[in-house]
>>> print(open('target_27.cif').read())   # mmCIF, C-alpha atoms and all ligand atoms
data_protein
#
loop_
_atom_site.label_atom_id
_atom_site.label_comp_id
_atom_site.auth_asym_id
_atom_site.auth_seq_id
_atom_site.Cartn_x
_atom_site.Cartn_y
_atom_site.Cartn_z
CA MET O 30 8.31 -19.94 1.25
CA SER O 31 9.83 -21.33 4.42
CA GLY O 32 9.36 -19.54 7.73
CA TRP O 33 6.63 -18.84 10.21
CA LEU O 34 3.49 -16.80 10.10
CA TYR O 35 0.99 -15.73 12.70
CA LEU O 36 -2.45 -17.27 12.32
CA ASP O 37 -5.19 -16.78 14.89
CA GLY O 38 -3.15 -16.90 18.06
CA GLU O 39 -0.28 -19.15 17.05
CA PHE O 40 2.79 -19.25 14.88
CA VAL O 41 2.63 -21.91 12.18
CA GLU O 42 4.99 -22.87 9.40
CA LYS O 43 4.01 -21.07 6.22
CA GLU O 44 3.43 -24.21 4.21
CA ASN O 45 1.17 -25.64 6.92
CA ALA O 46 -0.89 -22.49 7.42
CA LYS O 47 -4.52 -23.03 6.47
CA VAL O 48 -7.65 -20.94 6.60
CA SER O 49 -11.11 -22.32 5.98
CA VAL O 50 -12.69 -22.25 2.51
CA TYR O 51 -15.75 -20.95 4.39
CA ASP O 52 -13.81 -17.88 5.48
CA HIS O 53 -15.65 -14.89 4.07
CA GLY O 54 -12.32 -13.32 3.18
CA PHE O 55 -11.96 -16.17 0.69
CA LEU O 56 -15.62 -16.41 -0.34
CA TYR O 57 -16.36 -12.68 -0.64
CA GLY O 58 -13.22 -10.61 -0.11
CA ASP O 59 -14.78 -9.62 3.21
CA GLY O 60 -11.97 -8.30 5.36
CA VAL O 61 -9.24 -5.68 5.56
CA PHE O 62 -5.48 -5.62 5.29
CA GLU O 63 -2.29 -3.57 5.52
CA GLY O 64 1.09 -3.76 3.85
CA ILE O 65 3.90 -2.46 6.06
CA ARG O 66 7.68 -2.27 5.71
CA MET O 67 10.61 -2.53 8.06
CA TYR O 68 13.89 -0.79 7.24
CA SER O 69 17.05 -1.36 9.29
CA GLY O 70 15.04 -2.90 12.11
CA ASN O 71 12.51 -0.04 12.26
CA ILE O 72 8.93 -0.69 11.23
CA PHE O 73 8.03 2.39 9.24
CA ARG O 74 5.01 4.24 10.61
CA LEU O 75 3.54 1.09 12.12
CA ARG O 76 1.04 3.08 14.16
CA GLU O 77 -0.31 4.90 11.09
CA HIS O 78 -0.75 1.58 9.30
CA LEU O 79 -2.53 0.04 12.27
CA GLU O 80 -4.75 3.08 12.69
CA ARG O 81 -5.73 2.82 9.03
CA LEU O 82 -6.44 -0.90 9.54
CA TYR O 83 -8.80 -0.10 12.44
CA ASP O 84 -10.47 2.61 10.36
CA SER O 85 -10.99 0.20 7.45
CA ALA O 86 -12.36 -2.41 9.88
CA LYS O 87 -14.70 0.12 11.49
CA SER O 88 -16.03 1.09 8.10
CA ILE O 89 -17.04 -2.50 7.34
CA MET O 90 -18.19 -3.15 10.95
CA LEU O 91 -15.50 -5.73 11.61
CA ASP O 92 -14.35 -5.89 15.23
CA ILE O 93 -10.65 -6.66 15.47
CA PRO O 94 -10.32 -8.74 18.65
CA HIS O 95 -7.01 -7.12 19.65
CA THR O 96 -5.81 -3.76 20.82
CA LEU O 97 -3.47 -1.77 18.62
CA GLU O 98 -0.63 -2.57 21.05
CA GLU O 99 -1.35 -6.29 20.81
CA LEU O 100 -1.30 -6.15 17.00
CA GLU O 101 1.96 -4.22 17.19
CA SER O 102 3.44 -7.03 19.30
CA ILE O 103 2.18 -9.69 16.92
CA VAL O 104 3.88 -7.91 14.01
CA VAL O 105 7.15 -7.57 15.94
CA GLU O 106 7.05 -11.21 17.04
CA THR O 107 6.38 -12.40 13.47
CA LEU O 108 9.50 -10.58 12.29
CA LYS O 109 11.59 -12.04 15.11
CA ARG O 110 10.36 -15.59 14.55
CA ASN O 111 11.56 -15.28 10.96
CA GLN O 112 14.93 -13.83 11.94
CA LEU O 113 14.04 -10.69 10.05
CA HIS O 114 15.99 -7.95 11.80
CA GLU O 115 16.81 -5.58 8.96
CA SER O 116 14.34 -5.17 6.13
CA ALA O 117 11.05 -6.92 5.43
CA TYR O 118 7.59 -6.48 4.04
CA ILE O 119 4.75 -7.31 6.39
CA ARG O 120 1.24 -8.29 5.37
CA LEU O 121 -1.44 -8.05 8.02
CA VAL O 122 -4.84 -9.49 7.12
CA VAL O 123 -8.05 -9.50 9.14
CA SER O 124 -10.84 -11.42 7.48
CA ARG O 125 -14.46 -11.72 8.58
CA GLY O 126 -13.75 -15.34 9.46
CA LYS O 127 -15.61 -18.57 8.95
CA GLY O 128 -19.32 -18.40 8.13
CA ASP O 129 -21.78 -20.20 5.91
CA LEU O 130 -22.27 -19.77 2.17
CA GLY O 131 -24.56 -16.79 2.61
CA LEU O 132 -23.32 -13.21 2.69
CA ASP O 133 -24.42 -12.61 6.29
CA PRO O 134 -21.36 -11.38 8.19
CA PHE O 135 -23.18 -11.90 11.49
CA LYS O 136 -22.82 -15.62 10.91
CA CYS O 137 -19.05 -15.26 11.13
CA PRO O 138 -18.41 -15.25 14.88
CA GLU O 139 -14.62 -14.95 14.85
CA PRO O 140 -12.41 -12.81 12.58
CA SER O 141 -9.28 -14.51 11.32
CA ILE O 142 -5.93 -12.72 11.68
CA VAL O 143 -2.86 -13.48 9.62
CA VAL O 144 0.56 -11.79 9.71
CA ILE O 145 3.17 -12.71 7.11
CA ALA O 146 6.66 -11.21 6.94
CA GLU O 147 9.10 -11.72 4.10
CA GLN O 148 11.19 -9.95 1.46
CA LEU O 149 9.36 -8.19 -1.33
CA THR O 150 10.40 -5.92 -4.19
CA MET O 151 7.48 -4.80 -6.25
CA PHE O 152 9.07 -3.80 -9.54
CA PRO O 153 12.27 -5.31 -10.97
CA LYS O 154 15.20 -3.53 -9.33
CA GLU O 155 16.46 -1.84 -12.50
CA LEU O 156 13.13 -0.03 -12.99
CA TYR O 157 13.81 2.00 -9.85
CA GLU O 158 16.80 3.41 -11.78
CA THR O 159 15.35 3.64 -15.28
CA GLY O 160 11.71 4.39 -14.45
CA ILE O 161 8.46 2.67 -15.34
CA GLU O 162 5.87 3.09 -18.06
CA MET O 163 2.20 3.72 -17.29
CA VAL O 164 -0.94 3.58 -19.42
CA THR O 165 -4.43 4.85 -18.82
CA VAL O 166 -6.65 1.80 -18.46
CA PRO O 167 -10.38 1.39 -19.21
CA THR O 168 -11.36 0.38 -15.67
CA ARG O 169 -11.98 3.34 -13.39
CA ARG O 170 -11.22 3.63 -9.69
CA ASN O 171 -14.02 2.54 -7.36
CA ARG O 172 -16.29 5.46 -6.61
CA PRO O 173 -15.99 6.62 -2.98
CA ASP O 174 -19.78 6.41 -2.60
CA ILE O 175 -19.81 2.77 -3.73
CA LEU O 176 -16.74 1.19 -2.17
CA SER O 177 -14.52 3.82 -0.65
CA PRO O 178 -10.89 3.65 -1.77
CA GLN O 179 -10.05 4.58 1.84
CA VAL O 180 -11.18 1.12 2.95
CA LYS O 181 -8.21 -1.15 2.41
CA SER O 182 -10.43 -4.16 2.00
CA LEU O 183 -9.65 -7.66 0.83
CA ASN O 184 -11.82 -6.87 -2.18
CA TYR O 185 -9.01 -5.71 -4.46
CA LEU O 186 -10.63 -6.78 -7.71
CA ASN O 187 -10.83 -3.17 -8.89
CA ASN O 188 -7.07 -2.82 -8.41
CA ILE O 189 -6.39 -6.22 -9.96
CA LEU O 190 -8.31 -5.25 -13.10
CA LEU O 191 -6.28 -2.05 -13.31
CA LYS O 192 -3.01 -3.95 -13.05
CA LEU O 193 -4.15 -6.61 -15.49
CA GLU O 194 -5.16 -4.01 -18.09
CA ALA O 195 -1.83 -2.21 -17.70
CA TYR O 196 0.06 -5.46 -18.31
CA GLN O 197 -2.21 -6.31 -21.27
CA ALA O 198 -1.21 -2.97 -22.76
CA GLY O 199 2.48 -3.74 -22.22
CA ALA O 200 3.03 -1.20 -19.45
CA ASN O 201 4.25 -1.63 -15.88
CA GLU O 202 1.47 0.19 -14.13
CA ALA O 203 -2.01 1.64 -14.61
CA LEU O 204 -2.77 5.33 -14.65
CA THR O 205 -6.13 5.14 -12.95
CA LEU O 206 -8.84 7.72 -13.46
CA ASN O 207 -11.92 8.27 -11.35
CA THR O 208 -15.36 8.23 -12.98
CA GLU O 209 -15.07 11.98 -13.73
CA GLY O 210 -11.84 11.39 -15.61
CA TYR O 211 -9.46 12.92 -13.07
CA VAL O 212 -6.27 11.08 -12.23
CA ALA O 213 -6.68 9.07 -9.04
CA GLU O 214 -3.57 6.91 -8.53
CA GLY O 215 -1.85 3.75 -9.77
CA SER O 216 -3.26 0.27 -9.13
CA GLY O 217 -1.71 0.21 -5.66
CA GLU O 218 0.33 3.42 -5.43
CA ASN O 219 -0.26 7.14 -5.12
CA ILE O 220 0.90 9.46 -7.88
CA PHE O 221 2.89 12.69 -7.74
CA LEU O 222 3.83 15.23 -10.41
CA ILE O 223 6.47 17.93 -10.33
CA LYS O 224 5.91 20.94 -12.56
CA ASN O 225 7.83 24.20 -12.47
CA GLY O 226 9.25 23.36 -9.04
CA GLU O 227 5.87 22.61 -7.42
CA MET O 228 4.53 19.21 -6.46
CA PHE O 229 1.03 17.93 -7.12
CA THR O 230 -0.87 14.89 -5.91
CA PRO O 231 -4.61 14.18 -6.17
CA PRO O 232 -6.67 14.90 -3.05
CA THR O 233 -7.92 11.68 -1.51
CA TYR O 234 -11.59 12.50 -2.28
CA ILE O 235 -10.73 12.00 -5.96
CA GLY O 236 -10.47 8.29 -5.18
CA ALA O 237 -6.91 7.84 -3.98
CA LEU O 238 -6.02 5.91 -0.85
CA GLU O 239 -4.46 8.16 1.77
CA GLY O 240 -1.11 6.43 1.48
CA VAL O 241 1.30 6.33 4.40
CA THR O 242 4.16 6.77 1.91
CA ARG O 243 2.24 9.60 0.21
CA ASN O 244 1.98 11.44 3.52
CA ALA O 245 5.66 10.83 4.30
CA ILE O 246 6.67 12.19 0.88
CA ILE O 247 4.50 15.28 1.36
CA GLU O 248 6.22 15.92 4.71
CA ILE O 249 9.69 15.38 3.25
CA ALA O 250 8.95 17.63 0.27
CA GLU O 251 7.54 20.41 2.45
CA ASP O 252 10.60 20.15 4.71
CA GLN O 253 12.72 20.62 1.60
CA GLY O 254 10.79 23.78 0.80
CA TYR O 255 8.44 22.46 -1.88
CA VAL O 256 4.93 23.70 -2.27
CA VAL O 257 2.80 20.53 -2.39
CA ARG O 258 -0.63 21.02 -3.92
CA GLU O 259 -3.29 18.42 -3.28
CA GLN O 260 -5.54 19.23 -6.22
CA PRO O 261 -7.32 17.34 -9.00
CA PHE O 262 -5.47 17.00 -12.31
CA THR O 263 -5.99 15.33 -15.66
CA ARG O 264 -3.99 13.06 -17.94
CA HIS O 265 -2.81 16.14 -19.81
CA ASP O 266 -1.15 17.45 -16.65
CA VAL O 267 0.66 14.13 -16.30
CA TYR O 268 1.89 14.20 -19.92
CA VAL O 269 3.38 17.69 -19.58
CA ALA O 270 4.83 17.27 -16.06
CA ASP O 271 8.56 17.71 -15.54
CA GLU O 272 8.67 14.62 -13.32
CA VAL O 273 6.23 11.89 -12.32
CA PHE O 274 6.61 9.27 -9.63
CA LEU O 275 4.56 6.77 -7.65
CA THR O 276 4.64 6.01 -3.94
CA GLY O 277 3.51 3.04 -1.89
CA THR O 278 4.70 0.74 0.84
CA ALA O 279 5.29 -2.15 -1.54
CA ALA O 280 6.44 0.01 -4.48
CA GLU O 281 8.33 2.57 -2.32
CA VAL O 282 9.21 5.52 -4.60
CA VAL O 283 9.35 4.66 -8.28
CA PRO O 284 9.98 7.11 -11.14
CA VAL O 285 7.66 7.17 -14.17
CA VAL O 286 9.21 8.01 -17.53
CA LYS O 287 6.46 7.27 -20.04
CA VAL O 288 2.67 7.67 -19.88
CA ASP O 289 0.33 6.67 -22.73
CA GLY O 290 3.25 6.79 -25.16
CA ARG O 291 4.25 10.32 -24.08
CA VAL O 292 7.81 10.55 -22.82
CA ILE O 293 7.95 12.47 -19.55
CA SER O 294 10.43 15.31 -19.88
CA ASP O 295 13.57 13.75 -21.38
CA GLY O 296 12.63 10.15 -20.57
CA VAL O 297 14.92 9.59 -17.62
CA PRO O 298 13.99 9.75 -13.93
CA GLY O 299 14.05 13.36 -12.76
CA GLU O 300 16.59 14.86 -10.42
CA LYS O 301 13.99 15.94 -7.86
CA THR O 302 12.48 12.46 -7.79
CA HIS O 303 15.96 11.11 -7.02
CA GLU O 304 16.43 13.64 -4.25
CA LEU O 305 13.09 12.73 -2.69
CA LEU O 306 13.83 9.02 -3.00
CA HIS O 307 17.17 9.59 -1.32
CA ALA O 308 15.57 11.62 1.49
CA PHE O 309 12.87 8.97 1.88
CA ARG O 310 15.49 6.22 2.20
CA SER O 311 17.42 8.15 4.83
CA ILE O 312 14.27 8.81 6.86
CA VAL O 313 12.82 5.30 6.81
CA VAL O 314 15.90 3.80 8.43
CA LYS O 315 15.42 5.93 11.55
CA ASP O 316 11.70 6.61 11.69
CA GLY O 317 9.61 3.79 13.11
CA VAL O 318 9.07 1.18 15.78
CA ASN O 319 12.41 -0.41 16.54
CA ILE O 320 11.95 -4.15 16.93
CA THR O 321 14.97 -4.65 19.16
CA ASN O 322 13.73 -2.17 21.76
CA HIS O 323 10.12 -3.16 21.45
CA ASP O 324 8.62 -4.09 24.75
CA HIS O 325 6.19 -6.65 23.51
CA ILE O 326 3.27 -8.51 24.92
CA GLN O 327 3.61 -12.31 24.69
CA VAL O 328 1.66 -13.70 21.76
CA GLY O 329 1.28 -17.15 20.26
N1 LIG O 401 -3.22 3.17 -3.34
C1 LIG O 401 -3.64 1.90 -3.20
C2 LIG O 401 -4.84 1.46 -3.94
C3 LIG O 401 -2.94 1.01 -2.37
O1 LIG O 401 -3.37 -0.25 -2.23
C4 LIG O 401 -1.79 1.46 -1.69
C5 LIG O 401 -1.05 0.53 -0.78
N2 LIG O 401 -0.51 -0.54 -1.48
C6 LIG O 401 -1.37 2.79 -1.88
C7 LIG O 401 -2.11 3.61 -2.70
C8 LIG O 401 -0.16 3.31 -1.19
O2 LIG O 401 -0.38 3.39 0.20
P1 LIG O 401 0.78 3.20 1.26
O3 LIG O 401 1.82 4.22 0.95
O4 LIG O 401 0.13 3.43 2.56
O5 LIG O 401 1.29 1.83 1.10
#
>>> encode(input="target_27.cif", output="structure tokens")
Amino acid sequence: MSGWLYLDGEFVEKENAKVSVYDHGFLYGDGVFEGIRMYSGNIFRLREHLERLYDSAKSIMLDIPHTLEELESIVVETLKRNQLHESAYIRLVVSRGKGDLGLDPFKCPEPSIVVIAEQLTMFPKELYETGIEMVTVPTRRNRPDILSPQVKSLNYLNNILLKLEAYQAGANEALTLNTEGYVAEGSGENIFLIKNGEMFTPPTYIGALEGVTRNAIIEIAEDQGYVVREQPFTRHDVYVADEVFLTGTAAEVVPVVKVDGRVISDGVPGEKTHELLHAFRSIVVKDGVNITNHDHIQVG
């Protein structure tokens, strides 16, 4: 855990970084965040991540006291301070800040901003080769009219319950349904199916986050000549798919080989999933904000 992180205008050693117990991010999960990756010195789709962060913040009426360009510089500087020049995972958190014990966000005058950069692999490495197992879990995805899944808020309890229930059932990941019973996503990843040469992913209104990786995979697949259908589907469609995989910044592209005890196709990661993963890996190394060339504003 050694290294430096950005905290409210300065760089502090990770082990000395402290936020107040009165921070409403801590007390109430009141805040927003992004998970971002750098590959070969290029921060993948940094702008898209930051735009989503501002959208999440707008939705909860949280004013981020920086421009997008300033946040970009803070991210770049955090990587450099940690001598991370190749690959890294970046966590950017904006919390409501310090307030009193009441809910009132107007009593929190100053948002708190944290940027952490380090190495992260979400699933054990071998699972990217052999594929993961999913189960349908009892908890349903947050309804968009209650807490929109498009808001990447610090309130991730819904997702944590999903993950916890998947682990309790002995699986690696949760197949998450919305309240109507349609497949939404994983606990922190989007889901894709391939059936008869066509690709399917749930539309975001179903209750799936509009993932940056999801969008990149759709673009890659369409470039490769796939028809990608954003349409609702059920567990049955997952069981009988030729290939299933998940996408996310932390998870990247991970094949799924078993769902609710049903073996997907012949139980090994599909060829098309491999091709897409390969194409994804070759794109991420060139597509993004290069930290060496980044003309950054002085921060911290
Ligand atoms: N769904 C949820 C609930 C997520 O939290 C995430 C991000 N971890 C994703 C999907 C994938 O989004 P992205 O590809 O932008 O990381």
>>> closest_residue(input="target_27.cif", among="O:Lys136, O:His265, O:Arg74, O:His95", to="ligand LIG 401 (chain O)", atoms="only C-alpha atoms and all ligand atoms")
O:Arg74
>>> residues_near_ligand(input="target_27.cif", ligand="ligand LIG 401 (chain O)", cutoff="7 Å", atoms="all atoms listed in the file", output="PDB file with C-alpha atoms, in the frame of the given file")
ATOM      1  CA  GLY O  64       1.090  -3.760   3.850  1.00  0.00           C
ATOM      2  CA  PRO O 178     -10.890   3.650  -1.770  1.00  0.00           C
ATOM      3  CA  LYS O 181      -8.210  -1.150   2.410  1.00  0.00           C
ATOM      4  CA  ASN O 188      -7.070  -2.820  -8.410  1.00  0.00           C
ATOM      5  CA  GLU O 214      -3.570   6.910  -8.530  1.00  0.00           C
ATOM      6  CA  GLY O 215      -1.850   3.750  -9.770  1.00  0.00           C
ATOM      7  CA  SER O 216      -3.260   0.270  -9.130  1.00  0.00           C
ATOM      8  CA  GLY O 217      -1.710   0.210  -5.660  1.00  0.00           C
ATOM      9  CA  GLU O 218       0.330   3.420  -5.430  1.00  0.00           C
ATOM     10  CA  ASN O 219      -0.260   7.140  -5.120  1.00  0.00           C
ATOM     11  CA  ALA O 237      -6.910   7.840  -3.980  1.00  0.00           C
ATOM     12  CA  LEU O 238      -6.020   5.910  -0.850  1.00  0.00           C
ATOM     13  CA  GLU O 239      -4.460   8.160   1.770  1.00  0.00           C
ATOM     14  CA  GLY O 240      -1.110   6.430   1.480  1.00  0.00           C
ATOM     15  CA  VAL O 241       1.300   6.330   4.400  1.00  0.00           C
ATOM     16  CA  THR O 242       4.160   6.770   1.910  1.00  0.00           C
ATOM     17  CA  ARG O 243       2.240   9.600   0.210  1.00  0.00           C
ATOM     18  CA  THR O 276       4.640   6.010  -3.940  1.00  0.00           C
ATOM     19  CA  GLY O 277       3.510   3.040  -1.890  1.00  0.00           C
ATOM     20  CA  THR O 278       4.700   0.740   0.840  1.00  0.00           C
ATOM     21  CA  ALA O 279       5.290  -2.150  -1.540  1.00  0.00           C
TER      22      ALA O 279
END
>>> residues_around(input="target_27.cif", residues="Leu204 in chain O", least_positions_apart="2", cutoff="7 Å", atoms="only C-alpha atoms", output="ChimeraX atom specification")
/O:163-166,202,206,214-215
>>> axis_aligned_box(input="target_27.cif", around="range 258-276 of chain O", padding_each_side="4 Å", output="JSON")
{"center_x": 0.7, "center_y": 13.5, "center_z": -11.6, "size_x": 24.0, "size_y": 23.0, "size_z": 24.6}
>>> residues_around(input="target_27.cif", residues="Leu100 in chain O", least_positions_apart="4", cutoff="12 Å", atoms="all atoms listed in the file", output="VMD selection string")
chain O and resid 35 37 to 38 63 75 to 76 78 to 80 82 to 83 93 to 96 104 to 107 121 to 123 142 to 144 325 to 329
>>> residues_around(input="target_27.cif", residues="Val273 in chain O", least_positions_apart="6", cutoff="8 Å", atoms="all atoms listed in the file", output="list of chain:residue names")
O:Ile220, O:Phe221, O:Leu222, O:Ile223, O:Val267, O:Pro284, O:Val285, O:Val286, O:Ile293, O:Gly299, O:Thr302
>>> closest_residue(input="target_27.cif", among="O:Pro232, O:Gly60, O:Pro140, O:Gly296", to="Ile89 in chain O", atoms="all atoms listed in the file")
O:Gly60
>>> residues_around(input="target_27.cif", residues="Gly128 in chain O", least_positions_apart="4", cutoff="12 Å", atoms="all atoms listed in the file", output="VMD selection string")
chain O and resid 49 to 57 59 124 132 to 141
>>> atom_distance(input="target_27.cif", atom1="CA of Asn184 in chain O", atom2="CA of Ile235 in chain O")
19.3 Å
>>> atom_distance(input="target_27.cif", atom1="CA of Thr150 in chain O", atom2="CA of Ala280 in chain O")
7.1 Å
>>> atom_distance(input="target_27.cif", atom1="CA of Ile119 in chain O", atom2="CA of Glu147 in chain O")
6.6 Å
>>> residues_around(input="target_27.cif", residues="Lys47 in chain O", least_positions_apart="3", cutoff="9 Å", atoms="only C-alpha atoms", output="PDB file with C-alpha atoms, in the coordinates of the input")
ATOM      1  CA  LEU O  36      -2.450 -17.270  12.320  1.00  0.00           C
ATOM      2  CA  LYS O  43       4.010 -21.070   6.220  1.00  0.00           C
ATOM      3  CA  GLU O  44       3.430 -24.210   4.210  1.00  0.00           C
TER       4      GLU O  44
END
>>> closest_residue(input="target_27.cif", among="O:Val256, O:Ile249, O:Val297, O:Met30", to="Ile312 in chain O", atoms="only C-alpha atoms")
O:Ile249
>>> closest_residue(input="target_27.cif", among="O:His303, O:Lys192, O:Lys154, O:Arg258", to="Pro167 in chain O", atoms="all atoms listed in the file")
O:Lys192
>>> closest_residue(input="target_27.cif", among="O:Gly32, O:Arg81, O:Glu272, O:Gln260", to="Lys109 in chain O", atoms="all atoms listed in the file")
O:Gly32
>>> build_atoms(input="target_27.cif", residues="range 217-233 of chain O", atoms="N, CA and C atoms", output="mmCIF file, in the frame of the given file")
data_model
loop_
_atom_site.group_PDB
_atom_site.id
_atom_site.type_symbol
_atom_site.label_atom_id
_atom_site.label_comp_id
_atom_site.auth_asym_id
_atom_site.auth_seq_id
_atom_site.Cartn_x
_atom_site.Cartn_y
_atom_site.Cartn_z
ATOM 1 N N GLY O 217 -1.938 0.387 -7.096
ATOM 2 C CA GLY O 217 -1.710 0.210 -5.660
ATOM 3 C C GLY O 217 -0.686 1.208 -5.151
ATOM 4 N N GLU O 218 -0.631 2.377 -5.815
ATOM 5 C CA GLU O 218 0.330 3.420 -5.430
ATOM 6 C C GLU O 218 -0.315 4.781 -5.638
ATOM 7 N N ASN O 219 0.161 5.755 -4.883
ATOM 8 C CA ASN O 219 -0.260 7.140 -5.120
ATOM 9 C C ASN O 219 0.644 7.762 -6.181
ATOM 10 N N ILE O 220 0.135 8.818 -6.807
ATOM 11 C CA ILE O 220 0.900 9.460 -7.880
ATOM 12 C C ILE O 220 1.237 10.909 -7.532
ATOM 13 N N PHE O 221 2.425 11.304 -7.927
ATOM 14 C CA PHE O 221 2.890 12.690 -7.740
ATOM 15 C C PHE O 221 3.421 13.227 -9.058
ATOM 16 N N LEU O 222 3.229 14.526 -9.273
ATOM 17 C CA LEU O 222 3.830 15.230 -10.410
ATOM 18 C C LEU O 222 4.686 16.357 -9.868
ATOM 19 N N ILE O 223 5.720 16.698 -10.625
ATOM 20 C CA ILE O 223 6.470 17.930 -10.330
ATOM 21 C C ILE O 223 6.415 18.776 -11.593
ATOM 22 N N LYS O 224 6.006 20.024 -11.424
ATOM 23 C CA LYS O 224 5.910 20.940 -12.560
ATOM 24 C C LYS O 224 6.352 22.325 -12.102
ATOM 25 N N ASN O 225 7.305 22.871 -12.798
ATOM 26 C CA ASN O 225 7.830 24.200 -12.470
ATOM 27 C C ASN O 225 8.171 24.348 -10.986
ATOM 28 N N GLY O 226 8.779 23.303 -10.421
ATOM 29 C CA GLY O 226 9.250 23.360 -9.040
ATOM 30 C C GLY O 226 8.180 23.137 -7.980
ATOM 31 N N GLU O 227 6.924 22.897 -8.399
ATOM 32 C CA GLU O 227 5.870 22.610 -7.420
ATOM 33 C C GLU O 227 5.444 21.150 -7.549
ATOM 34 N N MET O 228 4.969 20.608 -6.422
ATOM 35 C CA MET O 228 4.530 19.210 -6.460
ATOM 36 C C MET O 228 3.012 19.115 -6.382
ATOM 37 N N PHE O 229 2.481 18.136 -7.075
ATOM 38 C CA PHE O 229 1.030 17.930 -7.120
ATOM 39 C C PHE O 229 0.710 16.464 -6.842
ATOM 40 N N THR O 230 -0.347 16.242 -6.080
ATOM 41 C CA THR O 230 -0.870 14.890 -5.910
ATOM 42 C C THR O 230 -2.390 15.011 -5.773
ATOM 43 N N PRO O 231 -3.155 14.042 -6.272
ATOM 44 C CA PRO O 231 -4.610 14.180 -6.170
ATOM 45 C C PRO O 231 -5.078 14.177 -4.721
ATOM 46 N N PRO O 232 -6.085 14.993 -4.406
ATOM 47 C CA PRO O 232 -6.670 14.900 -3.050
ATOM 48 C C PRO O 232 -7.333 13.543 -2.894
ATOM 49 N N THR O 233 -7.431 13.062 -1.679
ATOM 50 C CA THR O 233 -7.920 11.680 -1.510
ATOM 51 C C THR O 233 -9.375 11.535 -1.944
#
